[in-house]
>>> print(open('start-v9.cif').read())   # mmCIF, C-alpha atoms and all ligand atoms; chains and numbers go by the auth columns
data_final
#
loop_
_atom_site.group_PDB
_atom_site.id
_atom_site.type_symbol
_atom_site.label_atom_id
_atom_site.label_comp_id
_atom_site.label_asym_id
_atom_site.label_seq_id
_atom_site.Cartn_x
_atom_site.Cartn_y
_atom_site.Cartn_z
_atom_site.B_iso_or_equiv
_atom_site.auth_seq_id
_atom_site.auth_asym_id
ATOM 1 C CA MET A 1 53.726 -0.053 140.593 0.00 1 A
ATOM 2 C CA LEU A 2 54.874 -0.691 144.141 0.00 2 A
ATOM 3 C CA LEU A 3 57.978 -2.841 144.526 0.00 3 A
ATOM 4 C CA GLY A 4 59.251 -4.000 147.879 0.00 4 A
ATOM 5 C CA PRO A 5 59.692 -7.023 150.120 0.00 5 A
ATOM 6 C CA PRO A 6 56.903 -8.587 152.211 0.00 6 A
ATOM 7 C CA GLY A 7 56.162 -6.202 155.083 0.00 7 A
ATOM 8 C CA SER A 8 57.474 -3.110 153.272 0.00 8 A
ATOM 9 C CA GLY A 9 54.000 -1.555 153.296 0.00 9 A
ATOM 10 C CA LYS A 10 52.963 -2.079 149.671 0.00 10 A
ATOM 11 C CA GLY A 11 49.459 -3.210 150.640 0.00 11 A
ATOM 12 C CA THR A 12 48.978 -0.350 153.102 0.00 12 A
ATOM 13 C CA GLN A 13 50.172 2.309 150.658 0.00 13 A
ATOM 14 C CA ALA A 14 48.229 0.753 147.786 0.00 14 A
ATOM 15 C CA ALA A 15 45.001 0.822 149.807 0.00 15 A
ATOM 16 C CA ARG A 16 45.508 4.539 150.583 0.00 16 A
ATOM 17 C CA ILE A 17 46.255 5.485 146.992 0.00 17 A
ATOM 18 C CA THR A 18 43.442 3.451 145.470 0.00 18 A
ATOM 19 C CA SER A 19 40.821 4.759 147.899 0.00 19 A
ATOM 20 C CA ARG A 20 40.672 7.772 145.533 0.00 20 A
ATOM 21 C CA PRO A 21 38.824 7.574 142.208 0.00 21 A
ATOM 22 C CA VAL A 22 39.444 6.058 139.660 0.00 22 A
ATOM 23 C CA TRP A 23 41.997 3.532 140.828 0.00 23 A
ATOM 24 C CA LEU A 24 42.126 -0.230 140.775 0.00 24 A
ATOM 25 C CA HIS A 25 44.285 -1.991 143.367 0.00 25 A
ATOM 26 C CA LEU A 26 45.679 -5.018 141.569 0.00 26 A
ATOM 27 C CA SER A 27 47.273 -7.275 144.199 0.00 27 A
ATOM 28 C CA THR A 28 48.130 -10.730 142.873 0.00 28 A
ATOM 29 C CA GLY A 29 48.453 -12.002 146.470 0.00 29 A
ATOM 30 C CA GLY A 30 44.949 -10.648 147.140 0.00 30 A
ATOM 31 C CA LEU A 31 43.597 -12.308 143.980 0.00 31 A
ATOM 32 C CA PHE A 32 45.172 -15.637 144.991 0.00 32 A
ATOM 33 C CA ARG A 33 43.764 -15.383 148.528 0.00 33 A
ATOM 34 C CA ASP A 34 40.341 -14.684 147.040 0.00 34 A
ATOM 35 C CA HIS A 35 40.633 -17.905 145.001 0.00 35 A
ATOM 36 C CA LEU A 36 41.707 -19.819 148.144 0.00 36 A
ATOM 37 C CA ARG A 37 38.653 -18.569 149.995 0.00 37 A
ATOM 38 C CA ARG A 38 36.322 -19.440 147.129 0.00 38 A
ATOM 39 C CA ARG A 39 37.998 -22.892 146.850 0.00 39 A
ATOM 40 C CA THR A 40 38.508 -22.614 143.105 0.00 40 A
ATOM 41 C CA GLU A 41 40.795 -24.855 141.067 0.00 41 A
ATOM 42 C CA LEU A 42 43.289 -22.028 140.776 0.00 42 A
ATOM 43 C CA GLY A 43 43.154 -21.568 144.559 0.00 43 A
ATOM 44 C CA ALA A 44 43.940 -25.259 145.080 0.00 44 A
ATOM 45 C CA LEU A 45 46.917 -24.944 142.733 0.00 45 A
ATOM 46 C CA ALA A 46 48.231 -21.773 144.383 0.00 46 A
ATOM 47 C CA ARG A 47 47.796 -22.917 147.992 0.00 47 A
ATOM 48 C CA GLY A 48 50.892 -25.120 148.201 0.00 48 A
ATOM 49 C CA TYR A 49 53.166 -22.407 146.842 0.00 49 A
ATOM 50 C CA ILE A 50 51.686 -19.711 149.067 0.00 50 A
ATOM 51 C CA ASP A 51 51.823 -21.807 152.259 0.00 51 A
ATOM 52 C CA ARG A 52 55.486 -22.638 151.601 0.00 52 A
ATOM 53 C CA GLY A 53 56.344 -18.992 150.866 0.00 53 A
ATOM 54 C CA GLU A 54 57.218 -19.873 147.261 0.00 54 A
ATOM 55 C CA LEU A 55 56.142 -17.974 144.168 0.00 55 A
ATOM 56 C CA VAL A 56 53.160 -19.218 142.211 0.00 56 A
ATOM 57 C CA PRO A 57 54.421 -20.160 138.707 0.00 57 A
ATOM 58 C CA ASP A 58 54.770 -17.251 136.278 0.00 58 A
ATOM 59 C CA ARG A 59 52.336 -18.665 133.704 0.00 59 A
ATOM 60 C CA VAL A 60 49.512 -18.887 136.277 0.00 60 A
ATOM 61 C CA THR A 61 50.297 -15.472 137.723 0.00 61 A
ATOM 62 C CA VAL A 62 50.482 -13.709 134.368 0.00 62 A
ATOM 63 C CA ASP A 63 47.185 -15.326 133.318 0.00 63 A
ATOM 64 C CA ILE A 64 45.362 -14.005 136.359 0.00 64 A
ATOM 65 C CA VAL A 65 46.722 -10.492 135.719 0.00 65 A
ATOM 66 C CA ARG A 66 45.799 -10.686 132.041 0.00 66 A
ATOM 67 C CA GLN A 67 42.222 -11.640 132.911 0.00 67 A
ATOM 68 C CA CYS A 68 41.985 -8.823 135.403 0.00 68 A
ATOM 69 C CA LEU A 69 43.432 -6.130 133.096 0.00 69 A
ATOM 70 C CA ARG A 70 41.295 -7.146 130.133 0.00 70 A
ATOM 71 C CA ASP A 71 38.153 -5.771 131.774 0.00 71 A
ATOM 72 C CA VAL A 72 39.608 -2.556 133.177 0.00 72 A
ATOM 73 C CA PRO A 73 38.191 0.594 131.543 0.00 73 A
ATOM 74 C CA ARG A 74 40.786 2.917 130.001 0.00 74 A
ATOM 75 C CA GLU A 75 40.101 5.751 132.432 0.00 75 A
ATOM 76 C CA THR A 76 40.914 3.529 135.405 0.00 76 A
ATOM 77 C CA ARG A 77 44.451 3.778 136.748 0.00 77 A
ATOM 78 C CA VAL A 78 45.936 0.524 137.928 0.00 78 A
ATOM 79 C CA LEU A 79 48.225 0.122 140.916 0.00 79 A
ATOM 80 C CA PHE A 80 50.276 -3.081 140.810 0.00 80 A
ATOM 81 C CA ASP A 81 51.000 -4.429 144.288 0.00 81 A
ATOM 82 C CA GLY A 82 53.094 -7.608 144.469 0.00 82 A
ATOM 83 C CA PHE A 83 53.281 -7.995 140.695 0.00 83 A
ATOM 84 C CA PRO A 84 55.619 -8.477 138.923 0.00 84 A
ATOM 85 C CA ARG A 85 57.829 -10.584 141.169 0.00 85 A
ATOM 86 C CA THR A 86 60.157 -12.111 138.563 0.00 86 A
ATOM 87 C CA ARG A 87 61.900 -10.885 135.444 0.00 87 A
ATOM 88 C CA ALA A 88 59.653 -13.134 133.301 0.00 88 A
ATOM 89 C CA GLN A 89 56.573 -11.487 134.838 0.00 89 A
ATOM 90 C CA ALA A 90 58.007 -8.009 134.167 0.00 90 A
ATOM 91 C CA VAL A 91 58.629 -8.915 130.524 0.00 91 A
ATOM 92 C CA ALA A 92 55.099 -10.374 130.246 0.00 92 A
ATOM 93 C CA LEU A 93 53.645 -7.217 131.783 0.00 93 A
ATOM 94 C CA ASP A 94 55.449 -5.042 129.226 0.00 94 A
ATOM 95 C CA ALA A 95 53.911 -7.135 126.444 0.00 95 A
ATOM 96 C CA LEU A 96 50.480 -7.065 128.044 0.00 96 A
ATOM 97 C CA LEU A 97 50.516 -3.283 128.466 0.00 97 A
ATOM 98 C CA ALA A 98 51.691 -2.819 124.873 0.00 98 A
ATOM 99 C CA GLU A 99 48.799 -5.043 123.707 0.00 99 A
ATOM 100 C CA LEU A 100 46.337 -2.905 125.657 0.00 100 A
ATOM 101 C CA GLY A 101 47.953 0.347 124.500 0.00 101 A
ATOM 102 C CA ARG A 102 48.728 1.336 128.062 0.00 102 A
ATOM 103 C CA LYS A 103 51.880 2.553 129.789 0.00 103 A
ATOM 104 C CA LEU A 104 53.540 2.257 133.165 0.00 104 A
ATOM 105 C CA SER A 105 53.936 5.692 134.695 0.00 105 A
ATOM 106 C CA SER A 106 56.131 4.986 137.708 0.00 106 A
ATOM 107 C CA VAL A 107 57.679 2.253 139.758 0.00 107 A
ATOM 108 C CA VAL A 108 58.125 3.009 143.438 0.00 108 A
ATOM 109 C CA GLN A 109 60.437 0.827 145.478 0.00 109 A
ATOM 110 C CA LEU A 110 59.836 0.873 149.237 0.00 110 A
ATOM 111 C CA ASP A 111 63.128 0.398 151.110 0.00 111 A
ATOM 112 C CA VAL A 112 62.831 -1.115 154.595 0.00 112 A
ATOM 113 C CA PRO A 113 65.589 -2.913 156.590 0.00 113 A
ATOM 114 C CA ARG A 114 65.111 -6.659 157.092 0.00 114 A
ATOM 115 C CA GLU A 115 64.830 -6.437 160.892 0.00 115 A
ATOM 116 C CA VAL A 116 62.011 -3.897 160.576 0.00 116 A
ATOM 117 C CA LEU A 117 60.226 -6.158 158.049 0.00 117 A
ATOM 118 C CA LEU A 118 60.410 -9.127 160.428 0.00 118 A
ATOM 119 C CA ALA A 119 59.109 -7.051 163.351 0.00 119 A
ATOM 120 C CA ARG A 120 56.239 -5.639 161.272 0.00 120 A
ATOM 121 C CA ILE A 121 55.098 -9.009 159.951 0.00 121 A
ATOM 122 C CA ALA A 122 55.321 -10.574 163.410 0.00 122 A
ATOM 123 C CA GLY A 123 52.273 -8.606 164.569 0.00 123 A
ATOM 124 C CA ARG A 124 50.361 -8.587 161.324 0.00 124 A
ATOM 125 C CA ALA A 125 46.796 -9.780 160.791 0.00 125 A
ATOM 126 C CA THR A 126 44.781 -9.412 157.604 0.00 126 A
ATOM 127 C CA CYS A 127 41.075 -9.233 156.792 0.00 127 A
ATOM 128 C CA ALA A 128 40.215 -12.367 154.838 0.00 128 A
ATOM 129 C CA ARG A 129 37.524 -10.494 152.906 0.00 129 A
ATOM 130 C CA CYS A 130 38.845 -7.026 151.976 0.00 130 A
ATOM 131 C CA GLN A 131 42.573 -7.598 152.697 0.00 131 A
ATOM 132 C CA THR A 132 42.894 -4.631 155.082 0.00 132 A
ATOM 133 C CA VAL A 133 46.090 -5.116 157.087 0.00 133 A
ATOM 134 C CA TYR A 134 46.165 -4.598 160.874 0.00 134 A
ATOM 135 C CA ASN A 135 48.896 -4.900 163.471 0.00 135 A
ATOM 136 C CA ILE A 136 47.853 -6.598 166.681 0.00 136 A
ATOM 137 C CA THR A 137 50.000 -4.297 168.844 0.00 137 A
ATOM 138 C CA THR A 138 50.223 -0.988 166.969 0.00 138 A
ATOM 139 C CA GLN A 139 47.006 -0.915 164.917 0.00 139 A
ATOM 140 C CA PRO A 140 44.442 -3.516 166.049 0.00 140 A
ATOM 141 C CA PRO A 141 40.864 -3.604 164.721 0.00 141 A
ATOM 142 C CA LYS A 142 38.353 -1.937 167.107 0.00 142 A
ATOM 143 C CA VAL A 143 36.663 -5.284 167.799 0.00 143 A
ATOM 144 C CA PRO A 144 39.238 -8.103 168.056 0.00 144 A
ATOM 145 C CA GLY A 145 39.136 -10.364 164.989 0.00 145 A
ATOM 146 C CA VAL A 146 36.608 -8.194 163.110 0.00 146 A
ATOM 147 C CA CYS A 147 37.514 -5.856 160.257 0.00 147 A
ATOM 148 C CA ASP A 148 36.677 -2.168 160.861 0.00 148 A
ATOM 149 C CA ARG A 149 36.019 -1.625 157.180 0.00 149 A
ATOM 150 C CA CYS A 150 33.917 -4.604 156.093 0.00 150 A
ATOM 151 C CA GLY A 151 33.165 -6.775 159.156 0.00 151 A
ATOM 152 C CA GLY A 152 35.213 -9.657 157.684 0.00 152 A
ATOM 153 C CA GLU A 153 37.367 -11.979 159.759 0.00 153 A
ATOM 154 C CA VAL A 154 40.797 -10.595 160.722 0.00 154 A
ATOM 155 C CA ALA A 155 43.384 -13.331 161.264 0.00 155 A
ATOM 156 C CA VAL A 156 47.077 -14.157 160.857 0.00 156 A
ATOM 157 C CA ARG A 157 47.748 -15.351 157.291 0.00 157 A
ATOM 158 C CA SER A 158 48.968 -18.939 156.928 0.00 158 A
ATOM 159 C CA ASP A 159 52.061 -17.663 155.076 0.00 159 A
ATOM 160 C CA GLU A 160 52.998 -15.280 157.889 0.00 160 A
ATOM 161 C CA ALA A 161 54.418 -17.864 160.283 0.00 161 A
ATOM 162 C CA PRO A 162 58.014 -16.780 161.143 0.00 162 A
ATOM 163 C CA GLU A 163 59.791 -19.552 159.188 0.00 163 A
ATOM 164 C CA VAL A 164 57.663 -18.925 156.087 0.00 164 A
ATOM 165 C CA VAL A 165 58.278 -15.173 156.336 0.00 165 A
ATOM 166 C CA ALA A 166 62.061 -15.666 156.445 0.00 166 A
ATOM 167 C CA HIS A 167 61.825 -17.808 153.316 0.00 167 A
ATOM 168 C CA ARG A 168 59.629 -15.238 151.540 0.00 168 A
ATOM 169 C CA LEU A 169 62.262 -12.585 152.244 0.00 169 A
ATOM 170 C CA ASP A 170 64.954 -14.835 150.727 0.00 170 A
ATOM 171 C CA VAL A 171 62.768 -15.481 147.667 0.00 171 A
ATOM 172 C CA TYR A 172 62.292 -11.722 147.358 0.00 172 A
ATOM 173 C CA GLU A 173 66.054 -11.107 147.404 0.00 173 A
ATOM 174 C CA ARG A 174 66.674 -13.830 144.828 0.00 174 A
ATOM 175 C CA ASP A 175 63.810 -13.348 142.347 0.00 175 A
ATOM 176 C CA THR A 176 62.247 -9.929 142.865 0.00 176 A
ATOM 177 C CA ALA A 177 64.967 -7.521 144.055 0.00 177 A
ATOM 178 C CA PRO A 178 66.689 -7.677 140.614 0.00 178 A
ATOM 179 C CA LEU A 179 63.576 -6.018 139.128 0.00 179 A
ATOM 180 C CA ALA A 180 64.764 -2.724 140.604 0.00 180 A
ATOM 181 C CA GLU A 181 67.588 -2.821 138.067 0.00 181 A
ATOM 182 C CA TYR A 182 65.131 -3.754 135.292 0.00 182 A
ATOM 183 C CA TYR A 183 63.085 -0.608 135.915 0.00 183 A
ATOM 184 C CA ARG A 184 66.075 1.595 136.748 0.00 184 A
ATOM 185 C CA GLU A 185 67.557 0.826 133.324 0.00 185 A
ATOM 186 C CA ARG A 186 64.257 1.990 131.810 0.00 186 A
ATOM 187 C CA GLY A 187 64.355 5.226 133.820 0.00 187 A
ATOM 188 C CA MET A 188 61.198 4.337 135.758 0.00 188 A
ATOM 189 C CA LEU A 189 62.420 3.574 139.263 0.00 189 A
ATOM 190 C CA VAL A 190 61.984 5.865 142.250 0.00 190 A
ATOM 191 C CA ARG A 191 63.174 4.683 145.637 0.00 191 A
ATOM 192 C CA VAL A 192 61.382 5.747 148.787 0.00 192 A
ATOM 193 C CA ASP A 193 62.348 5.233 152.414 0.00 193 A
ATOM 194 C CA GLY A 194 59.573 2.918 153.627 0.00 194 A
ATOM 195 C CA ASN A 195 60.555 3.112 157.276 0.00 195 A
ATOM 196 C CA GLY A 196 58.124 5.119 159.437 0.00 196 A
ATOM 197 C CA SER A 197 54.397 5.603 159.875 0.00 197 A
ATOM 198 C CA PRO A 198 52.003 4.890 156.965 0.00 198 A
ATOM 199 C CA GLU A 199 51.287 8.659 156.794 0.00 199 A
ATOM 200 C CA ALA A 200 54.986 9.590 156.595 0.00 200 A
ATOM 201 C CA VAL A 201 55.649 6.997 153.893 0.00 201 A
ATOM 202 C CA ALA A 202 52.532 8.092 151.951 0.00 202 A
ATOM 203 C CA SER A 203 53.805 11.684 151.748 0.00 203 A
ATOM 204 C CA ARG A 204 57.225 10.476 150.581 0.00 204 A
ATOM 205 C CA VAL A 205 55.571 8.333 147.887 0.00 205 A
ATOM 206 C CA ALA A 206 53.420 11.255 146.756 0.00 206 A
ATOM 207 C CA ALA A 207 56.464 13.561 146.577 0.00 207 A
ATOM 208 C CA ALA A 208 58.510 10.949 144.711 0.00 208 A
ATOM 209 C CA VAL A 209 55.961 10.318 141.947 0.00 209 A
ATOM 210 C CA ARG A 210 55.281 14.039 141.535 0.00 210 A
HETATM 211 P P1 LIG B . 51.459 -11.020 148.893 0.00 301 A
HETATM 212 O O1 LIG B . 50.125 -10.832 149.484 0.00 301 A
HETATM 213 O O2 LIG B . 51.745 -10.076 147.752 0.00 301 A
HETATM 214 O O3 LIG B . 52.569 -11.023 149.911 0.00 301 A
HETATM 215 O O4 LIG B . 51.449 -12.483 148.226 0.00 301 A
HETATM 216 C C1 LIG B . 51.236 -13.648 148.999 0.00 301 A
HETATM 217 C C2 LIG B . 51.749 -14.869 148.261 0.00 301 A
HETATM 218 O O5 LIG B . 51.046 -15.020 147.005 0.00 301 A
HETATM 219 C C3 LIG B . 53.218 -14.812 147.851 0.00 301 A
HETATM 220 O O6 LIG B . 54.084 -15.198 148.901 0.00 301 A
HETATM 221 C C4 LIG B . 53.243 -15.798 146.694 0.00 301 A
HETATM 222 O O7 LIG B . 53.183 -17.141 147.139 0.00 301 A
HETATM 223 C C5 LIG B . 51.921 -15.494 145.997 0.00 301 A
HETATM 224 N N1 LIG B . 52.101 -14.395 145.001 0.00 301 A
HETATM 225 C C6 LIG B . 51.592 -13.144 145.057 0.00 301 A
HETATM 226 N N2 LIG B . 51.954 -12.412 143.994 0.00 301 A
HETATM 227 C C7 LIG B . 52.728 -13.220 143.230 0.00 301 A
HETATM 228 C C8 LIG B . 53.440 -13.049 142.009 0.00 301 A
HETATM 229 N N3 LIG B . 53.430 -11.877 141.353 0.00 301 A
HETATM 230 N N4 LIG B . 54.135 -14.107 141.528 0.00 301 A
HETATM 231 C C9 LIG B . 54.135 -15.294 142.159 0.00 301 A
HETATM 232 N N5 LIG B . 53.524 -15.524 143.331 0.00 301 A
HETATM 233 C C10 LIG B . 52.822 -14.499 143.875 0.00 301 A
#
>>> encode(input="start-v9.cif", output="structure tokens")
Amino acid sequence: MLLGPPGSGKGTQAARITSRPVWLHLSTGGLFRDHLRRRTELGALARGYIDRGELVPDRVTVDIVRQCLRDVPRETRVLFDGFPRTRAQAVALDALLAELGRKLSSVVQLDVPREVLLARIAGRATCARCQTVYNITTQPPKVPGVCDRCGGEVAVRSDEAPEVVAHRLDVYERDTAPLAEYYRERGMLVRVDGNGSPEAVASRVAAAVR
């Protein structure tokens, strides 16, 4: 599980880790964005919360994770990115994993100072199809607006406007940051300095979980 505020690099690190077999990248934000794009009922429900930088209600979020985990073969390792985000979600995940006879192996918290988070998100653009994250100044796609990996449309997410981002960081501090204590008490938490290049952070993550 990757824990960390918006912009801490969870998505980037998750994509690197899960590019190896046999991993599933379970990003609740990605699942919600997929519903938005497909204009489902769930997408319509989630949109207001996402656009305001609020959390989608726990019941809805846990349901979507439950559905996703139900079909995952046992040999597949799951990387949680952006879930859980509240204590209630963490408790629900414990119950869900117990039901499935599976266990969490490690929880990695990416530590990044707030000013670095704001600067990173300021230049961020995301592929609407495969969720690959780019940075317009430091890591743009080869063809502007087109994803290198899948040819999808690369654009600024509606919830990455500066005022929404500031609110998302506050929501993180209030609702999600306390989860570090939840997992620390259970002896699962490893903290990693998330400041630096994706490669540098990836080697720290690898060393920490080893
Ligand atoms: P992310 O891509 O992880 O930054 O998520 C984008 C947005 O989706 C968040 O700002 C929330 O509105 C919503 N979201 C994603 N994951 C969760 C979650 N675990 N609980 C509630 N809302 C979530």
>>> residues_near_ligand(input="start-v9.cif", ligand="ligand LIG 301 (chain A)", cutoff="8 Å", atoms="only C-alpha atoms and all ligand atoms", output="VMD selection string")
chain A and resid 6 to 7 11 27 to 30 32 to 33 46 to 47 49 to 58 61 to 62 81 to 86 89 159 168
>>> atom_distance(input="start-v9.cif", atom1="atom CA of Asp34 of chain A", atom2="atom CA of Tyr134 of chain A")
18.1 Å
>>> resolve_selection(input="start-v9.cif", expression="the PyMOL selection byres (((chain A and resi 133) around 9) and not hetatm)", output="list in words")
Gly11, Thr12, Arg124, Ala125, Thr126, Cys127, Gln131, Thr132, Tyr134, Asn135, Gln139 and Val154 of chain A
>>> atom_distance(input="start-v9.cif", atom1="atom CA of Thr176 of chain A", atom2="atom CA of Pro5 of chain A")
8.2 Å
>>> residues_around(input="start-v9.cif", residues="Ala122 of chain A", least_positions_apart="4", cutoff="10 Å", atoms="only C-alpha atoms", output="list in words")
Gly7, Val116, Leu117, Leu118, Asn135, Ile136, Thr137, Val156, Glu160, Ala161, Pro162 and Val165 of chain A
>>> build_atoms(input="start-v9.cif", residues="segment 68-77 of chain A", atoms="all heavy atoms", output="CSV table (one decimal), in the frame of the given file")
chain,number,residue,atom,x,y,z
A,68,CYS,N,42.4,-10.0,134.6
A,68,CYS,CA,42.0,-8.8,135.4
A,68,CYS,C,42.1,-7.5,134.6
A,68,CYS,O,41.2,-6.7,134.6
A,68,CYS,CB,42.9,-8.8,136.6
A,68,CYS,SG,42.4,-7.6,137.8
A,69,LEU,N,43.2,-7.4,133.8
A,69,LEU,CA,43.4,-6.1,133.1
A,69,LEU,C,42.5,-6.0,131.9
A,69,LEU,O,42.2,-4.9,131.5
A,69,LEU,CB,44.9,-6.1,132.6
A,69,LEU,CG,46.0,-5.7,133.6
A,69,LEU,CD1,47.3,-5.6,132.9
A,69,LEU,CD2,45.6,-4.4,134.3
A,70,ARG,N,42.1,-7.1,131.3
A,70,ARG,CA,41.3,-7.1,130.1
A,70,ARG,C,40.0,-6.3,130.3
A,70,ARG,O,39.5,-5.7,129.4
A,70,ARG,CB,40.9,-8.6,129.8
A,70,ARG,CG,40.7,-9.0,128.4
A,70,ARG,CD,40.3,-10.4,128.3
A,70,ARG,NE,39.5,-10.9,129.3
A,70,ARG,CZ,39.4,-12.2,129.7
A,70,ARG,NH1,40.0,-13.1,129.0
A,70,ARG,NH2,38.6,-12.5,130.7
A,71,ASP,N,39.5,-6.4,131.5
A,71,ASP,CA,38.2,-5.8,131.8
A,71,ASP,C,38.2,-4.4,132.4
A,71,ASP,O,37.2,-3.8,132.8
A,71,ASP,CB,37.3,-6.7,132.7
A,71,ASP,CG,37.2,-8.1,132.1
A,71,ASP,OD1,37.1,-8.2,130.9
A,71,ASP,OD2,37.2,-9.1,132.9
A,72,VAL,N,39.5,-3.8,132.5
A,72,VAL,CA,39.6,-2.6,133.2
A,72,VAL,C,39.4,-1.4,132.2
A,72,VAL,O,40.0,-1.4,131.1
A,72,VAL,CB,41.0,-2.4,133.8
A,72,VAL,CG1,41.2,-1.1,134.4
A,72,VAL,CG2,41.3,-3.5,134.8
A,73,PRO,N,38.4,-0.5,132.5
A,73,PRO,CA,38.2,0.6,131.5
A,73,PRO,C,39.4,1.5,131.4
A,73,PRO,O,40.2,1.6,132.4
A,73,PRO,CB,37.1,1.4,132.2
A,73,PRO,CG,36.5,0.5,133.3
A,73,PRO,CD,37.6,-0.5,133.7
A,74,ARG,N,39.6,2.1,130.3
A,74,ARG,CA,40.8,2.9,130.0
A,74,ARG,C,41.0,4.0,131.0
A,74,ARG,O,42.1,4.4,131.3
A,74,ARG,CB,40.7,3.6,128.6
A,74,ARG,CG,41.1,2.7,127.5
A,74,ARG,CD,41.5,3.5,126.3
A,74,ARG,NE,42.9,4.1,126.6
A,74,ARG,CZ,44.0,3.5,126.4
A,74,ARG,NH1,44.0,2.2,126.0
A,74,ARG,NH2,45.1,4.1,126.6
A,75,GLU,N,39.9,4.6,131.5
A,75,GLU,CA,40.1,5.8,132.4
A,75,GLU,C,40.5,5.3,133.8
A,75,GLU,O,40.9,6.1,134.7
A,75,GLU,CB,38.8,6.6,132.5
A,75,GLU,CG,37.6,5.9,133.0
A,75,GLU,CD,36.8,5.1,131.9
A,75,GLU,OE1,37.4,4.9,130.8
A,75,GLU,OE2,35.7,4.8,132.1
A,76,THR,N,40.5,4.0,134.1
A,76,THR,CA,40.9,3.5,135.4
A,76,THR,C,42.4,3.4,135.5
A,76,THR,O,43.0,2.8,134.6
A,76,THR,CB,40.3,2.2,135.7
A,76,THR,OG1,38.9,2.3,135.6
A,76,THR,CG2,40.7,1.6,137.0
A,77,ARG,N,43.0,3.9,136.5
A,77,ARG,CA,44.5,3.8,136.7
A,77,ARG,C,44.7,2.5,137.6
A,77,ARG,O,43.9,2.3,138.5
A,77,ARG,CB,45.0,5.0,137.4
A,77,ARG,CG,45.0,6.2,136.5
A,77,ARG,CD,45.7,7.4,137.1
A,77,ARG,NE,44.8,8.1,138.0
A,77,ARG,CZ,45.2,9.2,138.7
A,77,ARG,NH1,46.4,9.7,138.5
A,77,ARG,NH2,44.3,9.8,139.5
